[in-house]
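K.L.:
I am attaching a structure below and will ask some questions about it afterwards.
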Amino acid sequence: MTIGIGVIGCGVMGADHARILQEGIAGGKLVAVQDLDPRRAAGIAAAAGDVRVVETARDLIADRDIQAILIASPDETHAALAIACVEAGKPALCEKPLAATVEECRSVIAAEIRGGRRLVQVGFMRRFDPGYRAMKRSLDDQQLGRPLFLHCVHRNAVAPPYITSELVIASSAVHEIDIARFLLGEEFAAVTVISARPSRNAPTRRPQMIILESASGVVVTVEAFVDARYGYDVQAELVCEDGAVSLAPNPPVSFCHANRDGFAIEADWRARFADAYREQLRQWVASIETGRPVGSSAWDGYAASATAAAALKALAAGSRTPIDLGQKPAFYAA
Ligand code: ISE
């Protein structure tokens, strides 16, 4: 059976997901798109070919030809739309973050538990990246011993003006929070944040160094800097008792061009994580067929947002701040 997919939100990420779906994801078909700006939706539908434009997000969720929904609208709309999908009994892949507030994340969890079925996946695509997956395997096969440190770097070339010092944490470093939880298989107990001085390229926001302490005593450092100018650069090194494992720093080919010999750096996350985005969609569609959820759950979405919220508290307080996520519901076990 082919699963009809609708995309809500036709901005940067909605357009990218629509393109990947259109290029072909086994078992899934892009059926309709919706955006508050109908011209933007029409542009994507026209580029995709046989795709309808639906007027409202609610219409799209109710559409009989649509069995699964990809939510890529602004963050403030995520929770209400995810809940509407759950209430309609339709699986949703929701772009990160799961919701704009921790309270809203909790309401998505409550709706899913009420409905009795795991239907929400959060678009933390790094869980599908070949590099991070290899890192996870080498940790899980226990050759390296127990993990001690995870050092992460998250640099964007540029960021829009609305990205504040706080959003550097809540919107960018939240990826590292999720992937660190995925790699280590545990939650964080405390967080400290130290800000660097602003770059002269962006005087209104500060690069952040986030130091997370896991429940079992692993220390995770995250440098989050969205004005690096030279390109989009994500690094990770996991240091264990008997060895270390890092994401390979370079793409598979090196170029000699224009008096230089070296490796290209991608401009943004869509290119850097192209494989991960495609694999995320492939596995999402396959999981709808099998009924076995993959990727980040609503609990993972909540945990990442609640940890980021604690980091914002630590930033404001200028001190080490404990993190209490509460009890993970049995519904999300395994
Ligand atoms: C952006 O919103 C993303 O989702 C990217 O994955 C992330 O790397 C980037 O820093 C964010 O601004």
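Chain lettering (A, B, ...) mirrors the order of the structure tokens, residue numbering begins at 1 for each chain separately, and ligand numbering begins at 1 in order of display.
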As a ChimeraX atom specification, list the residues of stretch 130-195 of chain A assigned to helix (DSSP H, G or I) by DSSP on the backbone atoms of this structure.
P.N.:
/A:130-140,165-184
K.L.:
Would you name the residues within 8 Å of ligand 1, counting only C-alpha atoms and all ligand atoms, and put them as a VMD selection string?
P.N.:
chain A and resid 96 125 154 to 156 159 168 171 to 173 175 226 232 234 268 to 270
K.L.:
Take the residues from that selection and put them in a file with N, CA, C and O atoms, as a CSV table (one decimal), in the first residue's frame.
P.N.:
```
chain,number,residue,atom,x,y,z
A,96,LYS,N,11.8,19.4,14.4
A,96,LYS,CA,12.2,19.8,15.7
A,96,LYS,C,12.0,21.4,15.8
A,96,LYS,O,12.1,22.0,14.8
A,125,MET,N,17.0,14.6,12.8
A,125,MET,CA,17.4,13.7,11.7
A,125,MET,C,18.8,13.1,12.0
A,125,MET,O,19.2,12.1,11.3
A,154,HIS,N,28.9,22.8,17.0
A,154,HIS,CA,27.8,23.0,16.0
A,154,HIS,C,27.9,24.5,15.6
A,154,HIS,O,27.6,25.4,16.3
A,155,ARG,N,28.4,24.6,14.3
A,155,ARG,CA,28.7,26.0,13.8
A,155,ARG,C,27.8,26.1,12.5
A,155,ARG,O,27.9,25.3,11.6
A,156,ASN,N,27.1,27.2,12.5
A,156,ASN,CA,26.3,27.6,11.3
A,156,ASN,C,27.2,28.7,10.6
A,156,ASN,O,27.8,29.5,11.3
A,159,ALA,N,23.1,33.0,10.5
A,159,ALA,CA,21.8,32.7,11.0
A,159,ALA,C,21.0,34.0,10.9
A,159,ALA,O,21.5,35.1,10.9
A,168,VAL,N,20.2,30.2,20.1
A,168,VAL,CA,21.4,29.4,19.8
A,168,VAL,C,21.4,28.1,20.5
A,168,VAL,O,21.8,27.1,20.0
A,171,SER,N,17.4,26.3,19.6
A,171,SER,CA,17.1,25.9,18.2
A,171,SER,C,18.3,25.2,17.6
A,171,SER,O,18.1,24.3,16.7
A,172,SER,N,19.5,25.5,17.9
A,172,SER,CA,20.7,24.8,17.3
A,172,SER,C,21.2,23.7,18.2
A,172,SER,O,21.2,22.5,17.8
A,173,ALA,N,21.6,24.1,19.4
A,173,ALA,CA,22.3,23.1,20.3
A,173,ALA,C,21.3,22.0,20.7
A,173,ALA,O,21.7,20.9,21.2
A,175,HIS,N,19.9,20.0,18.9
A,175,HIS,CA,20.3,18.8,18.1
A,175,HIS,C,21.3,18.0,18.9
A,175,HIS,O,21.2,16.8,18.9
A,226,VAL,N,26.6,30.3,15.8
A,226,VAL,CA,25.8,30.4,14.5
A,226,VAL,C,26.3,31.4,13.5
A,226,VAL,O,25.7,31.7,12.5
A,232,TYR,N,28.9,25.4,7.3
A,232,TYR,CA,28.2,24.6,8.3
A,232,TYR,C,29.1,23.5,8.8
A,232,TYR,O,29.4,22.6,8.0
A,234,VAL,N,29.7,20.6,11.7
A,234,VAL,CA,29.2,19.8,12.9
A,234,VAL,C,30.3,18.8,13.2
A,234,VAL,O,30.7,18.0,12.4
A,268,ASP,N,24.9,24.6,4.5
A,268,ASP,CA,24.0,24.5,5.6
A,268,ASP,C,23.6,23.0,5.8
A,268,ASP,O,24.1,22.1,5.2
A,269,TRP,N,22.7,22.8,6.8
A,269,TRP,CA,22.4,21.5,7.3
A,269,TRP,C,21.7,20.6,6.3
A,269,TRP,O,21.8,19.4,6.3
A,270,ARG,N,21.0,21.2,5.3
A,270,ARG,CA,20.3,20.4,4.3
A,270,ARG,C,21.3,19.6,3.5
A,270,ARG,O,21.0,18.4,3.2
```
K.L.:
Fewer than 3 positions away in the same chain doesn't count, so skip those; otherwise give me all residues within 9 Å of A:Gly11, counting only C-alpha atoms, as a list in words.
P.N.:
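Once the adjacent positions are removed, what remains is Gly14, Ala15, Asp16, Asp35, Arg40, Ala41, Ala72, Ser73 and Pro74 of chain A.
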K.L.:
What lies within 10 Å of A:Leu312 using only C-alpha atoms, ignoring chain neighbours under 2 positions off, as a list in words?
P.N.:
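My reading of the contact set: Ser165, Glu166, Leu167, Ile169, Ala170, Val191, Thr192, Val193, Ile210, Ala306, Thr307, Ala308, Ala309, Ala310, Ala314, Leu315, Ala316, Ala317, Gly318 and Thr321 of chain A.
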K.L.:
From the list A:Gly131, A:Gly123, A:Pro160, A:Gly116, which residue is nearest A:Tyr332 when using only C-alpha atoms?
P.N.:
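With only C-alpha atoms as the atom set, the closest residue is A:Gly116.
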K.L.:
Could you name the residues that touch A:Gln283 at 12 Å or less, counting only C-alpha atoms, but leaving out those on the same chain fewer than 2 positions away, as a PyMOL selection string?
P.N.:
chain A and resi 25-28+93+121+123+125+127-128+276-281+285-296
K.L.:
Can you list, as a list of chain:residue names, every protein, DNA or RNA residue that comes within 6 Å of A:Val7 when you count only C-alpha atoms, leaving out same-chain residues fewer than 2 positions away?
P.N.:
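That gives A:Val33, A:Ile69, A:Leu70.
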K.L.:
Just want the 7 Å neighbourhood of stretch 198-209 of chain A, counted on only C-alpha atoms, with same-chain residues fewer than 5 positions away dropped. Output as a list of chain:residue names.
P.N.:
A:Thr164, A:Ser165, A:Val193, A:Thr221, A:Val222, A:Glu223, A:Ala224, A:Phe225, A:Asp227
K.L.:
Could you turn the residues from that selection into a file that holds N, CA, C and O atoms, as a PDB file, in the first residue's frame?
P.N.:
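Everything below was put into selection_3.pdb:
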```pdb
ATOM      1  N   THR A 164      18.455  34.573  18.669  1.00  0.00           N
ATOM      2  CA  THR A 164      19.042  35.259  19.817  1.00  0.00           C
ATOM      3  C   THR A 164      20.077  34.342  20.488  1.00  0.00           C
ATOM      4  O   THR A 164      20.209  33.165  20.117  1.00  0.00           O
ATOM      5  N   SER A 165      20.736  34.876  21.505  1.00  0.00           N
ATOM      6  CA  SER A 165      21.662  34.047  22.298  1.00  0.00           C
ATOM      7  C   SER A 165      20.935  32.823  22.866  1.00  0.00           C
ATOM      8  O   SER A 165      21.523  31.750  23.014  1.00  0.00           O
ATOM      9  N   VAL A 193      26.120  26.821  31.507  1.00  0.00           N
ATOM     10  CA  VAL A 193      26.326  27.487  30.213  1.00  0.00           C
ATOM     11  C   VAL A 193      27.277  28.663  30.402  1.00  0.00           C
ATOM     12  O   VAL A 193      27.110  29.469  31.323  1.00  0.00           O
ATOM     13  N   THR A 221      30.239  18.443  26.182  1.00  0.00           N
ATOM     14  CA  THR A 221      30.425  19.875  25.896  1.00  0.00           C
ATOM     15  C   THR A 221      29.840  20.168  24.518  1.00  0.00           C
ATOM     16  O   THR A 221      29.998  19.372  23.588  1.00  0.00           O
ATOM     17  N   VAL A 222      29.167  21.293  24.402  1.00  0.00           N
ATOM     18  CA  VAL A 222      28.590  21.695  23.109  1.00  0.00           C
ATOM     19  C   VAL A 222      28.968  23.141  22.826  1.00  0.00           C
ATOM     20  O   VAL A 222      28.526  24.055  23.541  1.00  0.00           O
ATOM     21  N   GLU A 223      29.782  23.342  21.812  1.00  0.00           N
ATOM     22  CA  GLU A 223      30.037  24.709  21.340  1.00  0.00           C
ATOM     23  C   GLU A 223      28.979  25.016  20.293  1.00  0.00           C
ATOM     24  O   GLU A 223      28.886  24.330  19.284  1.00  0.00           O
ATOM     25  N   ALA A 224      28.170  26.031  20.546  1.00  0.00           N
ATOM     26  CA  ALA A 224      27.116  26.406  19.594  1.00  0.00           C
ATOM     27  C   ALA A 224      27.380  27.834  19.126  1.00  0.00           C
ATOM     28  O   ALA A 224      27.306  28.781  19.921  1.00  0.00           O
ATOM     29  N   PHE A 225      27.692  27.946  17.848  1.00  0.00           N
ATOM     30  CA  PHE A 225      28.147  29.233  17.287  1.00  0.00           C
ATOM     31  C   PHE A 225      27.528  29.366  15.897  1.00  0.00           C
ATOM     32  O   PHE A 225      27.874  28.600  14.993  1.00  0.00           O
ATOM     33  N   ASP A 227      27.516  31.960  13.783  1.00  0.00           N
ATOM     34  CA  ASP A 227      28.064  32.993  12.888  1.00  0.00           C
ATOM     35  C   ASP A 227      29.484  32.639  12.441  1.00  0.00           C
ATOM     36  O   ASP A 227      30.356  33.495  12.361  1.00  0.00           O
TER      37      ASP A 227
END
```
K.L.:
What is the distance, in Å and to one decimal place, between atom CA of A:Glu213 and atom CA of A:Asp141?
P.N.:
22.9 Å
K.L.:
Using only C-alpha atoms, tabulate the residues of stretch 46-150 of chain A lying at most 10 Å from any atom of stretch 247-260 of chain A, each with its closest atom pair and that distance in Å to one decimal, by chain and increasing residue number, as a Markdown table.
P.N.:
```
| residue | atom | partner | partner_atom | distance |
| --- | --- | --- | --- | --- |
| A:Pro130 | CA | A:Leu247 | CA | 9.4 |
| A:Gly131 | CA | A:Leu247 | CA | 5.6 |
| A:Tyr132 | CA | A:Leu247 | CA | 6.9 |
| A:Arg133 | CA | A:Leu247 | CA | 9.9 |
| A:Ala134 | CA | A:Leu247 | CA | 8.7 |
| A:Met135 | CA | A:Leu247 | CA | 7.4 |
```
K.L.:
Point out the residue among A:Tyr302, A:Tyr230, A:Phe263, A:Phe182 with the least atom-to-atom distance to A:Asp140, counting only C-alpha atoms.
P.N.:
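Nearest candidate to A:Asp140 out of A:Tyr302, A:Tyr230, A:Phe263, A:Phe182: A:Phe182.
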K.L.:
As a short mmCIF file (atom, residue, chain, number, x, y, z; two decimals) with N, CA and C atoms, in the first residue's frame, please: every residue in stretch 22-89 of chain A that a backbone DSSP assignment puts in strand (DSSP E).
P.N.:
```cif
data_model
loop_
_atom_site.label_atom_id
_atom_site.label_comp_id
_atom_site.auth_asym_id
_atom_site.auth_seq_id
_atom_site.Cartn_x
_atom_site.Cartn_y
_atom_site.Cartn_z
N GLY A 28 5.84 5.66 -0.07
CA GLY A 28 5.20 6.93 0.27
C GLY A 28 5.02 7.81 -0.96
N LYS A 29 3.98 8.64 -0.92
CA LYS A 29 3.76 9.56 -2.04
C LYS A 29 3.30 10.90 -1.51
N LEU A 30 3.93 11.96 -1.98
CA LEU A 30 3.48 13.31 -1.60
C LEU A 30 2.17 13.60 -2.32
N VAL A 31 1.12 13.89 -1.54
CA VAL A 31 -0.22 14.08 -2.11
C VAL A 31 -0.63 15.55 -2.10
N ALA A 32 -0.30 16.25 -1.00
CA ALA A 32 -0.76 17.65 -0.90
C ALA A 32 0.17 18.44 0.01
N VAL A 33 0.16 19.75 -0.19
CA VAL A 33 0.94 20.66 0.65
C VAL A 33 0.05 21.79 1.11
N GLN A 34 0.43 22.42 2.22
CA GLN A 34 -0.35 23.54 2.74
C GLN A 34 0.63 24.55 3.35
N ARG A 52 -1.56 18.38 -4.74
CA ARG A 52 -2.60 19.39 -4.50
C ARG A 52 -2.15 20.42 -3.47
N VAL A 53 -2.78 21.60 -3.55
CA VAL A 53 -2.62 22.59 -2.47
C VAL A 53 -3.89 22.56 -1.65
N ALA A 68 -0.55 10.19 6.36
CA ALA A 68 0.53 10.60 7.27
C ALA A 68 0.91 12.05 6.99
N ILE A 69 1.32 12.76 8.05
CA ILE A 69 1.52 14.21 7.92
C ILE A 69 2.93 14.61 8.36
N LEU A 70 3.54 15.46 7.56
CA LEU A 70 4.84 16.00 7.92
C LEU A 70 4.63 17.47 8.33
N ILE A 71 4.96 17.77 9.59
CA ILE A 71 4.72 19.12 10.11
C ILE A 71 6.02 19.92 10.03
#
```
K.L.:
How far is it from atom CA of A:Thr2 to atom CA of A:Ala18, in Å with one decimal?
P.N.:
16.1 Å
